[in-house]
>>> print(open('protein_27.cif').read())   # mmCIF, N, CA and C atoms, pLDDT in the B column; chains and numbers go by the auth columns
data_work
#
loop_
_atom_site.group_PDB
_atom_site.id
_atom_site.type_symbol
_atom_site.label_atom_id
_atom_site.label_comp_id
_atom_site.label_asym_id
_atom_site.label_seq_id
_atom_site.Cartn_x
_atom_site.Cartn_y
_atom_site.Cartn_z
_atom_site.B_iso_or_equiv
_atom_site.auth_seq_id
_atom_site.auth_asym_id
ATOM 1 N N MET A 1 5.376 9.879 0.907 50.00 1 A
ATOM 2 C CA MET A 1 6.021 8.803 0.191 50.00 1 A
ATOM 3 C C MET A 1 6.102 7.592 1.118 50.00 1 A
ATOM 4 N N PRO A 2 5.824 6.386 0.604 54.00 2 A
ATOM 5 C CA PRO A 2 5.931 5.206 1.438 54.00 2 A
ATOM 6 C C PRO A 2 7.339 5.050 1.989 54.00 2 A
ATOM 7 N N LYS A 3 7.419 4.624 3.211 54.00 3 A
ATOM 8 C CA LYS A 3 8.713 4.404 3.839 54.00 3 A
ATOM 9 C C LYS A 3 8.880 2.918 4.109 54.00 3 A
ATOM 10 N N TYR A 4 9.929 2.335 3.526 52.00 4 A
ATOM 11 C CA TYR A 4 10.217 0.937 3.755 52.00 4 A
ATOM 12 C C TYR A 4 10.803 0.773 5.141 52.00 4 A
ATOM 13 N N GLN A 5 10.353 -0.249 5.861 51.00 5 A
ATOM 14 C CA GLN A 5 10.922 -0.572 7.159 51.00 5 A
ATOM 15 C C GLN A 5 11.476 -1.985 7.105 51.00 5 A
ATOM 16 N N GLY A 6 12.733 -2.109 7.438 50.00 6 A
ATOM 17 C CA GLY A 6 13.360 -3.419 7.467 50.00 6 A
ATOM 18 C C GLY A 6 12.881 -4.238 8.645 50.00 6 A
ATOM 19 N N GLU A 7 13.315 -5.470 8.707 48.00 7 A
ATOM 20 C CA GLU A 7 12.884 -6.374 9.761 48.00 7 A
ATOM 21 C C GLU A 7 13.275 -5.899 11.150 48.00 7 A
ATOM 22 N N GLU A 8 14.303 -5.061 11.233 41.00 8 A
ATOM 23 C CA GLU A 8 14.752 -4.606 12.547 41.00 8 A
ATOM 24 C C GLU A 8 13.819 -3.565 13.150 41.00 8 A
ATOM 25 N N GLU A 9 12.898 -3.044 12.359 48.00 9 A
ATOM 26 C CA GLU A 9 11.962 -2.040 12.840 48.00 9 A
ATOM 27 C C GLU A 9 10.911 -2.682 13.746 48.00 9 A
ATOM 28 N N THR A 10 10.302 -1.855 14.580 49.00 10 A
ATOM 29 C CA THR A 10 9.275 -2.353 15.481 49.00 10 A
ATOM 30 C C THR A 10 8.008 -2.693 14.713 49.00 10 A
ATOM 31 N N LYS A 11 7.142 -3.474 15.343 73.00 11 A
ATOM 32 C CA LYS A 11 5.879 -3.858 14.726 73.00 11 A
ATOM 33 C C LYS A 11 4.860 -2.728 14.782 73.00 11 A
ATOM 34 N N LYS A 12 5.003 -1.815 15.727 82.00 12 A
ATOM 35 C CA LYS A 12 4.035 -0.745 15.907 82.00 12 A
ATOM 36 C C LYS A 12 4.359 0.426 14.983 82.00 12 A
ATOM 37 N N ALA A 13 3.325 0.953 14.331 85.00 13 A
ATOM 38 C CA ALA A 13 3.512 2.103 13.445 85.00 13 A
ATOM 39 C C ALA A 13 3.680 3.368 14.281 85.00 13 A
ATOM 40 N N PRO A 14 4.490 4.314 13.810 88.00 14 A
ATOM 41 C CA PRO A 14 4.616 5.596 14.500 88.00 14 A
ATOM 42 C C PRO A 14 3.274 6.331 14.513 88.00 14 A
ATOM 43 N N LYS A 15 3.117 7.229 15.443 91.00 15 A
ATOM 44 C CA LYS A 15 1.886 8.006 15.559 91.00 15 A
ATOM 45 C C LYS A 15 1.606 8.724 14.234 91.00 15 A
ATOM 46 N N GLY A 16 0.337 8.663 13.789 90.00 16 A
ATOM 47 C CA GLY A 16 -0.062 9.315 12.551 90.00 16 A
ATOM 48 C C GLY A 16 0.224 8.507 11.313 90.00 16 A
ATOM 49 N N GLN A 17 0.632 7.254 11.477 90.00 17 A
ATOM 50 C CA GLN A 17 0.947 6.384 10.348 90.00 17 A
ATOM 51 C C GLN A 17 0.332 5.010 10.561 90.00 17 A
ATOM 52 N N PHE A 18 0.301 4.219 9.500 89.00 18 A
ATOM 53 C CA PHE A 18 -0.152 2.833 9.591 89.00 18 A
ATOM 54 C C PHE A 18 0.745 1.972 8.716 89.00 18 A
ATOM 55 N N VAL A 19 0.657 0.680 8.897 90.00 19 A
ATOM 56 C CA VAL A 19 1.550 -0.265 8.224 90.00 19 A
ATOM 57 C C VAL A 19 0.777 -1.059 7.175 90.00 19 A
ATOM 58 N N VAL A 20 1.420 -1.265 6.031 89.00 20 A
ATOM 59 C CA VAL A 20 0.911 -2.178 5.010 89.00 20 A
ATOM 60 C C VAL A 20 2.050 -3.091 4.581 89.00 20 A
ATOM 61 N N TYR A 21 1.675 -4.228 4.019 91.00 21 A
ATOM 62 C CA TYR A 21 2.652 -5.188 3.512 91.00 21 A
ATOM 63 C C TYR A 21 2.401 -5.365 2.021 91.00 21 A
ATOM 64 N N VAL A 22 3.485 -5.387 1.243 89.00 22 A
ATOM 65 C CA VAL A 22 3.368 -5.356 -0.214 89.00 22 A
ATOM 66 C C VAL A 22 4.269 -6.402 -0.860 89.00 22 A
ATOM 67 N N GLY A 23 3.774 -7.005 -1.933 88.00 23 A
ATOM 68 C CA GLY A 23 4.584 -7.909 -2.738 88.00 23 A
ATOM 69 C C GLY A 23 4.663 -9.319 -2.188 88.00 23 A
ATOM 70 N N GLU A 24 5.325 -10.161 -2.947 89.00 24 A
ATOM 71 C CA GLU A 24 5.468 -11.571 -2.565 89.00 24 A
ATOM 72 C C GLU A 24 6.236 -11.743 -1.254 89.00 24 A
ATOM 73 N N GLU A 25 7.185 -10.861 -1.011 90.00 25 A
ATOM 74 C CA GLU A 25 7.997 -10.941 0.203 90.00 25 A
ATOM 75 C C GLU A 25 7.339 -10.238 1.387 90.00 25 A
ATOM 76 N N LEU A 26 6.138 -9.680 1.176 89.00 26 A
ATOM 77 C CA LEU A 26 5.419 -8.922 2.204 89.00 26 A
ATOM 78 C C LEU A 26 6.307 -7.854 2.830 89.00 26 A
ATOM 79 N N ARG A 27 6.862 -7.017 1.974 90.00 27 A
ATOM 80 C CA ARG A 27 7.708 -5.915 2.422 90.00 27 A
ATOM 81 C C ARG A 27 6.862 -4.911 3.200 90.00 27 A
ATOM 82 N N ARG A 28 7.337 -4.491 4.334 90.00 28 A
ATOM 83 C CA ARG A 28 6.595 -3.617 5.251 90.00 28 A
ATOM 84 C C ARG A 28 6.848 -2.144 4.916 90.00 28 A
ATOM 85 N N PHE A 29 5.758 -1.377 4.813 86.00 29 A
ATOM 86 C CA PHE A 29 5.830 0.059 4.604 86.00 29 A
ATOM 87 C C PHE A 29 4.985 0.768 5.653 86.00 29 A
ATOM 88 N N THR A 30 5.433 1.918 6.098 86.00 30 A
ATOM 89 C CA THR A 30 4.601 2.777 6.934 86.00 30 A
ATOM 90 C C THR A 30 4.119 3.930 6.065 86.00 30 A
ATOM 91 N N LEU A 31 2.854 4.246 6.206 86.00 31 A
ATOM 92 C CA LEU A 31 2.220 5.277 5.394 86.00 31 A
ATOM 93 C C LEU A 31 1.530 6.290 6.292 86.00 31 A
ATOM 94 N N PRO A 32 1.434 7.532 5.846 86.00 32 A
ATOM 95 C CA PRO A 32 0.693 8.522 6.626 86.00 32 A
ATOM 96 C C PRO A 32 -0.801 8.203 6.599 86.00 32 A
ATOM 97 N N LEU A 33 -1.492 8.493 7.693 88.00 33 A
ATOM 98 C CA LEU A 33 -2.926 8.240 7.770 88.00 33 A
ATOM 99 C C LEU A 33 -3.707 8.974 6.681 88.00 33 A
ATOM 100 N N SER A 34 -3.168 10.058 6.173 86.00 34 A
ATOM 101 C CA SER A 34 -3.852 10.824 5.121 86.00 34 A
ATOM 102 C C SER A 34 -4.094 9.977 3.871 86.00 34 A
ATOM 103 N N TYR A 35 -3.307 8.925 3.649 85.00 35 A
ATOM 104 C CA TYR A 35 -3.509 8.052 2.493 85.00 35 A
ATOM 105 C C TYR A 35 -4.888 7.393 2.542 85.00 35 A
ATOM 106 N N LEU A 36 -5.427 7.204 3.743 89.00 36 A
ATOM 107 C CA LEU A 36 -6.717 6.530 3.881 89.00 36 A
ATOM 108 C C LEU A 36 -7.856 7.326 3.259 89.00 36 A
ATOM 109 N N LYS A 37 -7.656 8.612 3.052 88.00 37 A
ATOM 110 C CA LYS A 37 -8.678 9.459 2.432 88.00 37 A
ATOM 111 C C LYS A 37 -8.537 9.519 0.916 88.00 37 A
ATOM 112 N N ASN A 38 -7.456 9.012 0.385 85.00 38 A
ATOM 113 C CA ASN A 38 -7.198 9.080 -1.048 85.00 38 A
ATOM 114 C C ASN A 38 -8.029 8.029 -1.782 85.00 38 A
ATOM 115 N N PRO A 39 -8.818 8.442 -2.794 85.00 39 A
ATOM 116 C CA PRO A 39 -9.670 7.493 -3.515 85.00 39 A
ATOM 117 C C PRO A 39 -8.914 6.336 -4.163 85.00 39 A
ATOM 118 N N ILE A 40 -7.724 6.586 -4.645 81.00 40 A
ATOM 119 C CA ILE A 40 -6.937 5.512 -5.259 81.00 40 A
ATOM 120 C C ILE A 40 -6.519 4.504 -4.207 81.00 40 A
ATOM 121 N N PHE A 41 -6.052 5.006 -3.079 86.00 41 A
ATOM 122 C CA PHE A 41 -5.644 4.084 -2.018 86.00 41 A
ATOM 123 C C PHE A 41 -6.857 3.317 -1.493 86.00 41 A
ATOM 124 N N GLN A 42 -8.012 3.948 -1.441 89.00 42 A
ATOM 125 C CA GLN A 42 -9.226 3.254 -1.022 89.00 42 A
ATOM 126 C C GLN A 42 -9.547 2.104 -1.967 89.00 42 A
ATOM 127 N N GLN A 43 -9.284 2.296 -3.265 87.00 43 A
ATOM 128 C CA GLN A 43 -9.481 1.208 -4.225 87.00 43 A
ATOM 129 C C GLN A 43 -8.513 0.050 -3.952 87.00 43 A
ATOM 130 N N LEU A 44 -7.271 0.394 -3.616 86.00 44 A
ATOM 131 C CA LEU A 44 -6.300 -0.659 -3.272 86.00 44 A
ATOM 132 C C LEU A 44 -6.752 -1.430 -2.034 86.00 44 A
ATOM 133 N N LEU A 45 -7.290 -0.711 -1.051 90.00 45 A
ATOM 134 C CA LEU A 45 -7.781 -1.377 0.160 90.00 45 A
ATOM 135 C C LEU A 45 -8.967 -2.286 -0.161 90.00 45 A
ATOM 136 N N LYS A 46 -9.848 -1.825 -1.036 91.00 46 A
ATOM 137 C CA LYS A 46 -10.989 -2.649 -1.439 91.00 46 A
ATOM 138 C C LYS A 46 -10.507 -3.916 -2.134 91.00 46 A
ATOM 139 N N LYS A 47 -9.548 -3.757 -3.036 89.00 47 A
ATOM 140 C CA LYS A 47 -8.984 -4.910 -3.743 89.00 47 A
ATOM 141 C C LYS A 47 -8.303 -5.865 -2.751 89.00 47 A
ATOM 142 N N SER A 48 -7.626 -5.301 -1.767 89.00 48 A
ATOM 143 C CA SER A 48 -6.979 -6.102 -0.735 89.00 48 A
ATOM 144 C C SER A 48 -8.009 -6.910 0.044 89.00 48 A
ATOM 145 N N ALA A 49 -9.113 -6.275 0.421 90.00 49 A
ATOM 146 C CA ALA A 49 -10.166 -6.967 1.162 90.00 49 A
ATOM 147 C C ALA A 49 -10.779 -8.087 0.325 90.00 49 A
ATOM 148 N N GLU A 50 -10.965 -7.838 -0.972 89.00 50 A
ATOM 149 C CA GLU A 50 -11.508 -8.875 -1.853 89.00 50 A
ATOM 150 C C GLU A 50 -10.571 -10.065 -1.960 89.00 50 A
ATOM 151 N N GLU A 51 -9.271 -9.790 -2.024 86.00 51 A
ATOM 152 C CA GLU A 51 -8.290 -10.855 -2.226 86.00 51 A
ATOM 153 C C GLU A 51 -7.917 -11.583 -0.935 86.00 51 A
ATOM 154 N N TYR A 52 -7.764 -10.831 0.163 83.00 52 A
ATOM 155 C CA TYR A 52 -7.254 -11.419 1.405 83.00 52 A
ATOM 156 C C TYR A 52 -8.268 -11.453 2.541 83.00 52 A
ATOM 157 N N GLY A 53 -9.386 -10.760 2.402 83.00 53 A
ATOM 158 C CA GLY A 53 -10.382 -10.718 3.476 83.00 53 A
ATOM 159 C C GLY A 53 -10.015 -9.706 4.544 83.00 53 A
ATOM 160 N N TYR A 54 -10.928 -9.529 5.486 80.00 54 A
ATOM 161 C CA TYR A 54 -10.725 -8.542 6.551 80.00 54 A
ATOM 162 C C TYR A 54 -10.046 -9.130 7.782 80.00 54 A
ATOM 163 N N SER A 55 -10.048 -10.425 7.927 77.00 55 A
ATOM 164 C CA SER A 55 -9.471 -11.028 9.126 77.00 55 A
ATOM 165 C C SER A 55 -8.099 -11.633 8.848 77.00 55 A
ATOM 166 N N ASN A 56 -7.335 -10.954 8.045 70.00 56 A
ATOM 167 C CA ASN A 56 -6.001 -11.420 7.690 70.00 56 A
ATOM 168 C C ASN A 56 -5.059 -11.182 8.864 70.00 56 A
ATOM 169 N N SER A 57 -4.448 -12.215 9.374 75.00 57 A
ATOM 170 C CA SER A 57 -3.561 -12.094 10.536 75.00 57 A
ATOM 171 C C SER A 57 -2.258 -11.365 10.217 75.00 57 A
ATOM 172 N N ARG A 58 -1.941 -11.223 8.938 75.00 58 A
ATOM 173 C CA ARG A 58 -0.699 -10.544 8.552 75.00 58 A
ATOM 174 C C ARG A 58 -0.843 -9.033 8.552 75.00 58 A
ATOM 175 N N GLY A 59 -2.048 -8.516 8.696 83.00 59 A
ATOM 176 C CA GLY A 59 -2.263 -7.084 8.612 83.00 59 A
ATOM 177 C C GLY A 59 -2.772 -6.711 7.233 83.00 59 A
ATOM 178 N N ILE A 60 -2.615 -5.461 6.850 89.00 60 A
ATOM 179 C CA ILE A 60 -3.092 -4.999 5.547 89.00 60 A
ATOM 180 C C ILE A 60 -2.060 -5.387 4.487 89.00 60 A
ATOM 181 N N VAL A 61 -2.482 -6.237 3.570 90.00 61 A
ATOM 182 C CA VAL A 61 -1.614 -6.674 2.476 90.00 61 A
ATOM 183 C C VAL A 61 -2.151 -6.039 1.200 90.00 61 A
ATOM 184 N N ILE A 62 -1.302 -5.284 0.514 87.00 62 A
ATOM 185 C CA ILE A 62 -1.690 -4.616 -0.716 87.00 62 A
ATOM 186 C C ILE A 62 -1.364 -5.540 -1.892 87.00 62 A
ATOM 187 N N PRO A 63 -2.367 -5.856 -2.728 85.00 63 A
ATOM 188 C CA PRO A 63 -2.166 -6.816 -3.813 85.00 63 A
ATOM 189 C C PRO A 63 -1.537 -6.211 -5.065 85.00 63 A
ATOM 190 N N CYS A 64 -0.293 -5.796 -4.948 86.00 64 A
ATOM 191 C CA CYS A 64 0.458 -5.355 -6.124 86.00 64 A
ATOM 192 C C CYS A 64 1.938 -5.582 -5.837 86.00 64 A
ATOM 193 N N ASP A 65 2.756 -5.486 -6.863 87.00 65 A
ATOM 194 C CA ASP A 65 4.177 -5.711 -6.650 87.00 65 A
ATOM 195 C C ASP A 65 4.827 -4.464 -6.032 87.00 65 A
ATOM 196 N N GLU A 66 5.979 -4.663 -5.443 87.00 66 A
ATOM 197 C CA GLU A 66 6.669 -3.577 -4.731 87.00 66 A
ATOM 198 C C GLU A 66 7.006 -2.397 -5.619 87.00 66 A
ATOM 199 N N SER A 67 7.480 -2.666 -6.817 85.00 67 A
ATOM 200 C CA SER A 67 7.891 -1.561 -7.684 85.00 67 A
ATOM 201 C C SER A 67 6.703 -0.674 -8.053 85.00 67 A
ATOM 202 N N THR A 68 5.560 -1.269 -8.287 84.00 68 A
ATOM 203 C CA THR A 68 4.353 -0.487 -8.573 84.00 68 A
ATOM 204 C C THR A 68 3.973 0.335 -7.351 84.00 68 A
ATOM 205 N N PHE A 69 3.986 -0.289 -6.200 84.00 69 A
ATOM 206 C CA PHE A 69 3.597 0.407 -4.975 84.00 69 A
ATOM 207 C C PHE A 69 4.545 1.558 -4.653 84.00 69 A
ATOM 208 N N GLU A 70 5.821 1.361 -4.874 80.00 70 A
ATOM 209 C CA GLU A 70 6.789 2.412 -4.581 80.00 70 A
ATOM 210 C C GLU A 70 6.590 3.633 -5.463 80.00 70 A
ATOM 211 N N ARG A 71 6.020 3.438 -6.640 78.00 71 A
ATOM 212 C CA ARG A 71 5.726 4.566 -7.527 78.00 71 A
ATOM 213 C C ARG A 71 4.384 5.209 -7.211 78.00 71 A
ATOM 214 N N TRP A 72 3.604 4.626 -6.311 73.00 72 A
ATOM 215 C CA TRP A 72 2.252 5.080 -6.048 73.00 72 A
ATOM 216 C C TRP A 72 2.113 6.568 -5.753 73.00 72 A
ATOM 217 N N PRO A 73 2.917 7.195 -4.892 67.00 73 A
ATOM 218 C CA PRO A 73 2.715 8.630 -4.632 67.00 73 A
ATOM 219 C C PRO A 73 2.780 9.470 -5.902 67.00 73 A
ATOM 220 N N PHE A 74 3.673 9.123 -6.803 58.00 74 A
ATOM 221 C CA PHE A 74 3.750 9.859 -8.058 58.00 74 A
ATOM 222 C C PHE A 74 2.511 9.582 -8.908 58.00 74 A
ATOM 223 N N VAL A 75 2.145 8.334 -8.994 54.00 75 A
ATOM 224 C CA VAL A 75 1.017 7.940 -9.826 54.00 75 A
ATOM 225 C C VAL A 75 -0.289 8.483 -9.269 54.00 75 A
ATOM 226 N N ALA A 76 -0.384 8.628 -7.961 56.00 76 A
ATOM 227 C CA ALA A 76 -1.608 9.116 -7.340 56.00 76 A
ATOM 228 C C ALA A 76 -1.990 10.494 -7.844 56.00 76 A
ATOM 229 N N GLU A 77 -1.024 11.250 -8.313 56.00 77 A
ATOM 230 C CA GLU A 77 -1.301 12.567 -8.865 56.00 77 A
ATOM 231 C C GLU A 77 -1.945 12.452 -10.241 56.00 77 A
ATOM 232 N N ASN A 78 -1.830 11.305 -10.837 52.00 78 A
ATOM 233 C CA ASN A 78 -2.378 11.069 -12.178 52.00 78 A
ATOM 234 C C ASN A 78 -3.380 9.922 -12.100 52.00 78 A
ATOM 235 N N VAL A 79 -4.525 10.188 -11.518 50.00 79 A
ATOM 236 C CA VAL A 79 -5.505 9.155 -11.218 50.00 79 A
ATOM 237 C C VAL A 79 -5.849 8.300 -12.435 50.00 79 A
ATOM 238 N N LYS A 80 -6.150 8.917 -13.528 52.00 80 A
ATOM 239 C CA LYS A 80 -6.564 8.169 -14.706 52.00 80 A
ATOM 240 C C LYS A 80 -5.460 7.235 -15.179 52.00 80 A
ATOM 241 N N ALA A 81 -4.231 7.721 -15.226 54.00 81 A
ATOM 242 C CA ALA A 81 -3.107 6.894 -15.662 54.00 81 A
ATOM 243 C C ALA A 81 -2.927 5.695 -14.739 54.00 81 A
ATOM 244 N N PHE A 82 -3.070 5.918 -13.434 50.00 82 A
ATOM 245 C CA PHE A 82 -2.910 4.823 -12.487 50.00 82 A
ATOM 246 C C PHE A 82 -3.981 3.758 -12.703 50.00 82 A
ATOM 247 N N LEU A 83 -5.231 4.174 -12.846 55.00 83 A
ATOM 248 C CA LEU A 83 -6.317 3.209 -13.010 55.00 83 A
ATOM 249 C C LEU A 83 -6.151 2.409 -14.288 55.00 83 A
ATOM 250 N N ILE A 84 -5.736 3.062 -15.353 59.00 84 A
ATOM 251 C CA ILE A 84 -5.501 2.358 -16.612 59.00 84 A
ATOM 252 C C ILE A 84 -4.371 1.345 -16.431 59.00 84 A
ATOM 253 N N TYR A 85 -3.279 1.766 -15.780 57.00 85 A
ATOM 254 C CA TYR A 85 -2.127 0.878 -15.560 57.00 85 A
ATOM 255 C C TYR A 85 -2.512 -0.286 -14.652 57.00 85 A
ATOM 256 N N TYR A 86 -3.177 -0.007 -13.557 57.00 86 A
ATOM 257 C CA TYR A 86 -3.445 -1.033 -12.549 57.00 86 A
ATOM 258 C C TYR A 86 -4.447 -2.066 -13.046 57.00 86 A
ATOM 259 N N TYR A 87 -5.464 -1.651 -13.769 60.00 87 A
ATOM 260 C CA TYR A 87 -6.522 -2.558 -14.173 60.00 87 A
ATOM 261 C C TYR A 87 -6.340 -3.145 -15.573 60.00 87 A
ATOM 262 N N SER A 88 -5.245 -2.817 -16.236 57.00 88 A
ATOM 263 C CA SER A 88 -5.046 -3.394 -17.569 57.00 88 A
ATOM 264 C C SER A 88 -4.197 -4.632 -17.532 57.00 88 A
#
>>> encode(input="protein_27.cif", output="structure tokens")
Amino acid sequence: MPKYQGEEETKKAPKGQFVVYVGEELRRFTLPLSYLKNPIFQQLLKKSAEEYGYSNSRGIVIPCDESTFERWPFVAENVKAFLIYYYS
């Protein structure tokens, strides 16, 4: 499950995790590296690269709102439902 980190948290991700920023406020989340193998998350990364490019100084920015992203682990179990929701 994504873990929200407030501003008081360090910039470095814990071992075995990586950081993404989500929403208009660029809310910071740490995610397990295993998410990188998930086809749905790979689609989000592709969409992020299309929207923000690869040389974004802010780090990995996921192009969706926070509430959608926070539901992602649940939705990831239902691939078809997520794709219909995200792309409609």
>>> resolve_selection(input="protein_27.cif", expression="the PyMOL selection byres ((chain A and resi 19) around 6)", output="mmCIF file with N, CA and C atoms, in the frame of the given file")
data_model
loop_
_atom_site.group_PDB
_atom_site.id
_atom_site.type_symbol
_atom_site.label_atom_id
_atom_site.label_comp_id
_atom_site.auth_asym_id
_atom_site.auth_seq_id
_atom_site.Cartn_x
_atom_site.Cartn_y
_atom_site.Cartn_z
ATOM 1 N N ALA A 13 3.325 0.953 14.331
ATOM 2 C CA ALA A 13 3.512 2.103 13.445
ATOM 3 C C ALA A 13 3.680 3.368 14.281
ATOM 4 N N GLN A 17 0.632 7.254 11.477
ATOM 5 C CA GLN A 17 0.947 6.384 10.348
ATOM 6 C C GLN A 17 0.332 5.010 10.561
ATOM 7 N N PHE A 18 0.301 4.219 9.500
ATOM 8 C CA PHE A 18 -0.152 2.833 9.591
ATOM 9 C C PHE A 18 0.745 1.972 8.716
ATOM 10 N N VAL A 20 1.420 -1.265 6.031
ATOM 11 C CA VAL A 20 0.911 -2.178 5.010
ATOM 12 C C VAL A 20 2.050 -3.091 4.581
ATOM 13 N N TYR A 21 1.675 -4.228 4.019
ATOM 14 C CA TYR A 21 2.652 -5.188 3.512
ATOM 15 C C TYR A 21 2.401 -5.365 2.021
ATOM 16 N N PHE A 29 5.758 -1.377 4.813
ATOM 17 C CA PHE A 29 5.830 0.059 4.604
ATOM 18 C C PHE A 29 4.985 0.768 5.653
ATOM 19 N N THR A 30 5.433 1.918 6.098
ATOM 20 C CA THR A 30 4.601 2.777 6.934
ATOM 21 C C THR A 30 4.119 3.930 6.065
ATOM 22 N N LEU A 31 2.854 4.246 6.206
ATOM 23 C CA LEU A 31 2.220 5.277 5.394
ATOM 24 C C LEU A 31 1.530 6.290 6.292
ATOM 25 N N ILE A 60 -2.615 -5.461 6.850
ATOM 26 C CA ILE A 60 -3.092 -4.999 5.547
ATOM 27 C C ILE A 60 -2.060 -5.387 4.487
#
>>> axis_aligned_box(input="protein_27.cif", around="stretch 63-74 of chain A", padding_each_side="6 Å", output="AutoDock Vina command-line options")
--center_x 2.8 --center_y 1.5 --center_z -5.8 --size_x 22.3 --size_y 28.7 --size_z 18.2
>>> residues_around(input="protein_27.cif", residues="stretch 61-69 of chain A", least_positions_apart="5", cutoff="6.5 Å", atoms="only N, CA and C atoms", output="list of chain:residue names")
A:Val20, A:Tyr21, A:Val22, A:Gly23, A:Glu24, A:Leu44, A:Lys47, A:Ser48
>>> atom_distance(input="protein_27.cif", atom1="atom CA of A:Glu50", atom2="atom CA of A:Gly16")
25.9 Å
>>> atom_distance(input="protein_27.cif", atom1="atom CA of A:Ser34", atom2="atom C of A:Pro14")
12.6 Å
>>> atom_distance(input="protein_27.cif", atom1="atom CA of A:Lys12", atom2="atom N of A:Arg71")
23.0 Å
